[in-house]
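Take a look at the structure set out below.
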Amino acid sequence: MNLERKDWIRALTAHPATVLNALADELTVGCDVKLKSLPQAGLGLLTLTDGAFHEPYYLGEFPLSMCSIELSLSDGRQAAGGAQVMADDAELARSLAILDAVLAARFPGWEQVSAHIESGASRRAEEDRRRRAMLTATRVDFAMLNNAEVDDDEC
Amino acid sequence: MSYVAIKGGGHAIAGAAAVTEYLRTEEGLGNPAAEPLAIDAILHQLRHLVDRVVSEGGVYHPQFAALAIKQSLGDTLEAAFALRAWRSTRPRLSATPPLDTSRMRLIRRISSAFKDIPGGQMLGPTPDYALRLLRLELMDESPDAFRAVARNWLEKCPEAQLPDTFPKVLDALRAEGLLPPVTATRGQTAFDITREPLVFPVPRSAQLATMARAETGSLLAIAYSNMRGYGDVHPTVAELRVGYLPVMLPHPVTGELVEAGEVLITECEVVAMYDVQDAQVPRAQRCAGAAEADETGGKPVFTLGYGACFGHNEVKAISMAILDRALQKGMKDGASNPSEDPEFVLLHVDGVDSMGFASHYKMPHYVTFQSDLDRLRTTQQKSGEPA
């Protein structure tokens with residue numbers, strides 16, 4: 001798994017929340033989970049740079065959940081994790097923060113998190129491939145009528 | 001205008017809700033094959049309806065937009081209202097840094113200004129070149145046939161050999177000096193229309209935000225007045241793009257920007273008749289009402305308009321771009337028609353506001369109307385009396 005930490009959320013959220021919650025629960029058995037900031041669900045404001053004059057403006061809002069945690073193992077090791085995810089699901093944010101901490105600190109079970117990230121990244125790659133296929137399948141080459149020797153539909 | 005409280009009608013109001021619910025489920029009477037509309041089915045098969053509601057509701061929550069469509073029986077105004085009501089119950093947690101749409105994962109990209117644009121034009125999913133004929137075969141589409149369509153498309157779809165992102169057409173025009181310069185915006189904060197009232201004149205960021213969540217038909221109607229002749233210009237779409245924009249937020253531990261999710265957006269940039277720039281006066285100040293732009297011998301450049309909204313809604317994005325350009329002109333030279341008047345445009349395009357006002361006429365006005373009756377009768381009586 002060679003994805004950077006900034007790409008973990010996108011890969012992990014390719015899985016259903018129930019899967020991620022179950023994994024986080026499994027990996028925190030015997031761990032102390034300290035909430036650095038309470039899991040919260042609310043809204044984020046999307047700031048866009050307008051394409052004409054590059055001025056910032058607010059396009060609208062989106063559901064946002066966030067959480068920061070600190071994991072402590074019985075041997076005294078500690079790891080910090082956090083997540084901001086586009087979802088109306090505070091529990092999911094907590095689970096993602098836990099998985100983030102486990103993988104970042106290579107805590108027991110990190111291989112499972114890594115495997116989920118890899119499989120999630122594959123799903124995202126397939127999604128991207130389908131979107132690109134929409135472009136490839138509809139690439140258009142308009143020609144001026146007087147210059148068009150052969151209509152591409154007649155090829 | 002005054003309002004009075006009334007009482008009574010509780011049973012009838014509850015009954016009205018029950019009747020509406022009856023109509024939603026009536027298909028199930030004696031029909032074991034009837035099934036409720038699945039949220040996923042709405043999300044996928046009525047995607048433009050969902051896109052419209054997320055855009056007009058101002059919240060990118062496609063699942064709740066689909067739910068709102070279901071509960072409102074497909075009424076987009078009611079659905080957007082329900083979505084706005086939901087958002088009003090949620091705390092604001094964060095705001096993204098200004099996101100750059102050049103990072104969009106595109107599914108469509110066209111230009112009507114140039115036939116050849118860097119990266120090429122891709123039609124993507126569009127009915128633009130389709131015949132508007134009813135496809136009667138869909139009247140009785142079998143589940144097998146339905147499932148086969150997407151499967152077959154995927155099997156035949158070409159291997160994608162395209163970059164992840166594409167350059168903006170405007171960048172090429174700007175590099176040639178054909179567009180007004182980009183405004184320095186470091187530290188500039190955008191206007192939050194959900195927290196502050198519109199007190200005119202308002203900055204362009206307030207105008208863009210208001211139009212981004214405007215009702216599509218209202219925006220189109222005013223933009224259409226400009227297109228048909230009141231605006232006296234024919235803008236050209238430099239670029240129209242549809243795609244998924246990564247939503248970036250800082251990681252709570254590292255501070256590095258992380259992709260928290262993505263939103264489907266439509267973005268449109270139009271260029272129109274050239275204008276003479278005043279290099280000495282910042283654009284923001286000119287938009288505040290100054291009209292001295294073309295008296296200083298600045299270099300002529302195209303005027304620009306910009307539109308963007310949640311979801312795939314091209315008519316809305318184009319309308320917004322046309323109105324953005326018109327409003328800039330109105331702010332600079334004074335409005336010569338309603339579509340150039342910020343107050344007229346921005347106060348009349350919100351779907352929830354306008355439907356609320358229209359709907360209020362259905363509410364009891366018994367006391368106010370009684371007053372009208374009394375005045376009319378008195379006036380009639382007086383007019384019948386000898387002078």
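Ordering of the structure tokens sets the chain letters (A, B, ...), residue numbers begin anew at 1 in every chain, and ligands are numbered from 1 in the order given.
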Using DSSP assignments from the backbone, pull out every residue in stretch 104-304 of chain B that falls under alpha helix (DSSP H) and give it to me as an MDAnalysis selection string. chainID B and resid 143:156 169:175 204:212 216:225 283:287
Within 6 Å of chain A, which residues of chain B are there when counting only C-alpha atoms? Please give them as a ChimeraX atom specification. /B:58-60,90-96,98-100,107,115,121-124,158,160,182-183,190,205,209,252-253,258,260-261,306
Since we have the selection now, will you write its residues out, keeping N, CA and C atoms, as a JSON list (two decimals), in the first residue's frame?
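What follows is the written file out28.json:
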```json
[["chain", "number", "residue", "atom", "x", "y", "z"],
["B", 58, "GLY", "N", -29.36, 24.04, -1.70],
["B", 58, "GLY", "CA", -28.10, 24.62, -1.24],
["B", 58, "GLY", "C", -27.27, 23.69, -0.40],
["B", 59, "VAL", "N", -27.63, 22.41, -0.37],
["B", 59, "VAL", "CA", -26.88, 21.43, 0.41],
["B", 59, "VAL", "C", -26.63, 20.20, -0.47],
["B", 60, "TYR", "N", -25.38, 19.80, -0.57],
["B", 60, "TYR", "CA", -25.08, 18.65, -1.40],
["B", 60, "TYR", "C", -25.29, 17.36, -0.58],
["B", 90, "ARG", "N", -28.72, 21.82, 11.43],
["B", 90, "ARG", "CA", -27.37, 21.27, 11.57],
["B", 90, "ARG", "C", -26.36, 22.36, 11.93],
["B", 91, "PRO", "N", -25.40, 22.04, 12.78],
["B", 91, "PRO", "CA", -24.37, 23.04, 13.09],
["B", 91, "PRO", "C", -23.38, 23.17, 11.94],
["B", 92, "ARG", "N", -22.85, 24.34, 11.78],
["B", 92, "ARG", "CA", -21.78, 24.56, 10.79],
["B", 92, "ARG", "C", -20.45, 24.19, 11.45],
["B", 93, "LEU", "N", -19.78, 23.22, 10.88],
["B", 93, "LEU", "CA", -18.55, 22.73, 11.49],
["B", 93, "LEU", "C", -17.29, 23.34, 10.89],
["B", 94, "SER", "N", -17.34, 23.60, 9.61],
["B", 94, "SER", "CA", -16.09, 24.00, 8.96],
["B", 94, "SER", "C", -16.38, 24.59, 7.58],
["B", 95, "ALA", "N", -15.37, 25.20, 7.01],
["B", 95, "ALA", "CA", -15.46, 25.67, 5.62],
["B", 95, "ALA", "C", -14.19, 25.22, 4.91],
["B", 96, "THR", "N", -14.34, 24.88, 3.66],
["B", 96, "THR", "CA", -13.15, 24.46, 2.91],
["B", 96, "THR", "C", -12.34, 25.69, 2.53],
["B", 98, "PRO", "N", -10.66, 27.91, -0.46],
["B", 98, "PRO", "CA", -11.18, 28.07, -1.82],
["B", 98, "PRO", "C", -10.68, 26.94, -2.73],
["B", 99, "LEU", "N", -11.62, 26.20, -3.31],
["B", 99, "LEU", "CA", -11.26, 25.05, -4.13],
["B", 99, "LEU", "C", -11.19, 25.45, -5.60],
["B", 100, "ASP", "N", -10.26, 24.83, -6.28],
["B", 100, "ASP", "CA", -10.00, 25.16, -7.67],
["B", 100, "ASP", "C", -10.67, 24.12, -8.56],
["B", 107, "ILE", "N", -16.85, 14.59, -16.43],
["B", 107, "ILE", "CA", -17.59, 13.62, -17.23],
["B", 107, "ILE", "C", -18.12, 14.31, -18.50],
["B", 115, "LYS", "N", -13.54, 25.14, -31.59],
["B", 115, "LYS", "CA", -13.78, 23.72, -31.83],
["B", 115, "LYS", "C", -12.62, 22.88, -31.30],
["B", 121, "GLN", "N", -12.72, 18.28, -26.63],
["B", 121, "GLN", "CA", -14.11, 18.39, -26.18],
["B", 121, "GLN", "C", -14.71, 16.99, -26.04],
["B", 122, "MET", "N", -15.45, 16.78, -24.96],
["B", 122, "MET", "CA", -16.10, 15.49, -24.73],
["B", 122, "MET", "C", -17.55, 15.75, -24.36],
["B", 123, "LEU", "N", -18.44, 15.18, -25.13],
["B", 123, "LEU", "CA", -19.87, 15.47, -24.92],
["B", 123, "LEU", "C", -20.39, 14.91, -23.62],
["B", 124, "GLY", "N", -19.88, 13.73, -23.21],
["B", 124, "GLY", "CA", -20.38, 13.12, -21.98],
["B", 124, "GLY", "C", -21.88, 12.84, -22.06],
["B", 158, "PRO", "N", -14.67, 2.22, -24.11],
["B", 158, "PRO", "CA", -13.26, 2.24, -24.50],
["B", 158, "PRO", "C", -12.34, 2.40, -23.30],
["B", 160, "ALA", "N", -9.85, 4.11, -21.18],
["B", 160, "ALA", "CA", -9.64, 5.55, -21.07],
["B", 160, "ALA", "C", -8.16, 5.90, -21.15],
["B", 182, "VAL", "N", -6.95, 38.85, -13.46],
["B", 182, "VAL", "CA", -7.49, 38.21, -12.25],
["B", 182, "VAL", "C", -7.31, 39.16, -11.08],
["B", 183, "THR", "N", -8.34, 39.25, -10.25],
["B", 183, "THR", "CA", -8.26, 40.12, -9.08],
["B", 183, "THR", "C", -7.42, 39.45, -8.00],
["B", 190, "ALA", "N", -15.43, 35.53, 1.49],
["B", 190, "ALA", "CA", -16.66, 35.48, 0.71],
["B", 190, "ALA", "C", -17.84, 35.83, 1.59],
["B", 205, "SER", "N", -19.40, 38.02, -4.53],
["B", 205, "SER", "CA", -19.47, 36.68, -3.92],
["B", 205, "SER", "C", -20.89, 36.40, -3.40],
["B", 209, "ALA", "N", -23.24, 33.36, -4.81],
["B", 209, "ALA", "CA", -23.81, 32.40, -3.86],
["B", 209, "ALA", "C", -25.33, 32.36, -3.95],
["B", 252, "PRO", "N", -7.15, 16.64, 10.67],
["B", 252, "PRO", "CA", -7.14, 17.18, 12.05],
["B", 252, "PRO", "C", -5.79, 17.04, 12.75],
["B", 253, "VAL", "N", -4.96, 16.09, 12.32],
["B", 253, "VAL", "CA", -3.68, 15.89, 13.00],
["B", 253, "VAL", "C", -2.54, 16.54, 12.23],
["B", 258, "VAL", "N", -6.93, 17.02, 2.87],
["B", 258, "VAL", "CA", -7.37, 15.65, 2.65],
["B", 258, "VAL", "C", -8.68, 15.69, 1.89],
["B", 260, "ALA", "N", -12.15, 14.87, 1.61],
["B", 260, "ALA", "CA", -13.20, 14.40, 2.53],
["B", 260, "ALA", "C", -14.37, 13.80, 1.77],
["B", 261, "GLY", "N", -14.42, 14.05, 0.48],
["B", 261, "GLY", "CA", -15.52, 13.55, -0.35],
["B", 261, "GLY", "C", -15.50, 14.30, -1.67],
["B", 306, "TYR", "N", -19.69, 34.07, -15.06],
["B", 306, "TYR", "CA", -19.37, 32.78, -14.45],
["B", 306, "TYR", "C", -20.59, 32.19, -13.75]]
```
Determine, counting only C-alpha atoms, which protein, DNA and RNA residues have an atom within 8 Å of an atom of stretch 26-31 of chain A; residues of the same chain fewer than 2 positions away are not included. Present the result as a PyMOL selection string. chain A and resi 22-24+33+71-74+98+108-109
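Coordinates place atom CA of B:Gly243 at a distance of 26.1 Å from atom CA of B:Ile222.
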Quick one: pick out all strand (DSSP E or B) residues within stretch 154-343 of chain B from a backbone DSSP run and write them as an MDAnalysis selection string. chainID B and resid 236:250 257:276 300:310
Please provide the set of residues having any atom within 12 Å of B:Asp350, restricted to only C-alpha atoms, with same-chain residues fewer than 5 positions apart removed, written as a PDB file with C-alpha atoms, in the first residue's frame.
```pdb
ATOM      1  CA  SER B  55     -28.671  22.791  -6.032  1.00  0.00           C
ATOM      2  CA  GLU B  56     -31.780  24.714  -5.034  1.00  0.00           C
ATOM      3  CA  GLY B  57     -31.674  23.383  -1.490  1.00  0.00           C
ATOM      4  CA  GLY B  58     -28.101  24.621  -1.237  1.00  0.00           C
ATOM      5  CA  LEU B  77     -39.878  23.477  -4.589  1.00  0.00           C
ATOM      6  CA  ALA B  80     -35.736  22.046  -1.761  1.00  0.00           C
ATOM      7  CA  PHE B  81     -37.685  23.596   1.132  1.00  0.00           C
ATOM      8  CA  ARG B  84     -33.209  23.748   3.578  1.00  0.00           C
ATOM      9  CA  ILE B 193     -25.791  34.391   2.369  1.00  0.00           C
ATOM     10  CA  GLN B 207     -24.389  37.453  -6.018  1.00  0.00           C
ATOM     11  CA  ALA B 209     -23.809  32.396  -3.855  1.00  0.00           C
ATOM     12  CA  THR B 210     -27.399  33.588  -4.242  1.00  0.00           C
ATOM     13  CA  MET B 211     -27.589  32.470  -7.849  1.00  0.00           C
ATOM     14  CA  ALA B 212     -25.894  29.148  -7.089  1.00  0.00           C
ATOM     15  CA  ARG B 213     -28.861  28.101  -4.966  1.00  0.00           C
ATOM     16  CA  ALA B 214     -31.500  29.917  -6.990  1.00  0.00           C
ATOM     17  CA  GLU B 215     -34.500  28.206  -8.499  1.00  0.00           C
ATOM     18  CA  THR B 216     -33.582  27.064 -11.986  1.00  0.00           C
ATOM     19  CA  GLY B 217     -36.693  28.365 -13.734  1.00  0.00           C
ATOM     20  CA  SER B 218     -36.485  31.784 -12.092  1.00  0.00           C
ATOM     21  CA  LEU B 219     -32.831  32.166 -13.016  1.00  0.00           C
ATOM     22  CA  LEU B 220     -33.513  30.998 -16.556  1.00  0.00           C
ATOM     23  CA  PHE B 344     -34.211  42.785  -8.970  1.00  0.00           C
ATOM     24  CA  VAL B 345     -32.345  39.615  -9.871  1.00  0.00           C
ATOM     25  CA  MET B 355     -42.814  29.753  -3.378  1.00  0.00           C
ATOM     26  CA  GLY B 356     -43.286  30.688   0.248  1.00  0.00           C
ATOM     27  CA  PHE B 357     -44.703  34.048  -0.706  1.00  0.00           C
TER      28      PHE B 357
END
```
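Shortest separation to B:Arg108 among B:Ser88, B:Gly177, B:Leu264, B:Asn152 occurs at residue B:Leu264, atoms counted being only C-alpha atoms.
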Just the residues within 12 Å of B:Thr20, please, counting only C-alpha atoms, with nothing from its chain fewer than 6 positions along; format it as a PyMOL selection string. chain B and resi 13-14+26+70-73
Counting only C-alpha atoms, which of B:Leu249, B:Leu162, B:Ala223, B:Met363 gets nearest to B:Val315? B:Ala223
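Atom CA of A:Ala14 to atom CA of A:Arg123 spans 6.5 Å [interatomic distance, one decimal].
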As a check of understanding: the span from atom CA of B:Gly255 to atom CA of A:His15 is 24.4 Å
Non-local contacts of A:Ser114 (9 Å; only C-alpha atoms; under 5 positions in same chain excluded) as a PyMOL selection string: chain A and resi 1+103+109+119
Please save C-alpha atoms of the selected residues as a PDB file, in the first residue's frame.
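Output saved as part_8.pdb:
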```
ATOM      1  CA  MET A   1       0.000   0.000   0.000  1.00  0.00           C
ATOM      2  CA  LEU A 103      -2.331   2.814  10.313  1.00  0.00           C
ATOM      3  CA  GLY A 109      -4.198  -4.557  12.981  1.00  0.00           C
ATOM      4  CA  SER A 119      -9.338  -2.501  -1.925  1.00  0.00           C
TER       5      SER A 119
END
```
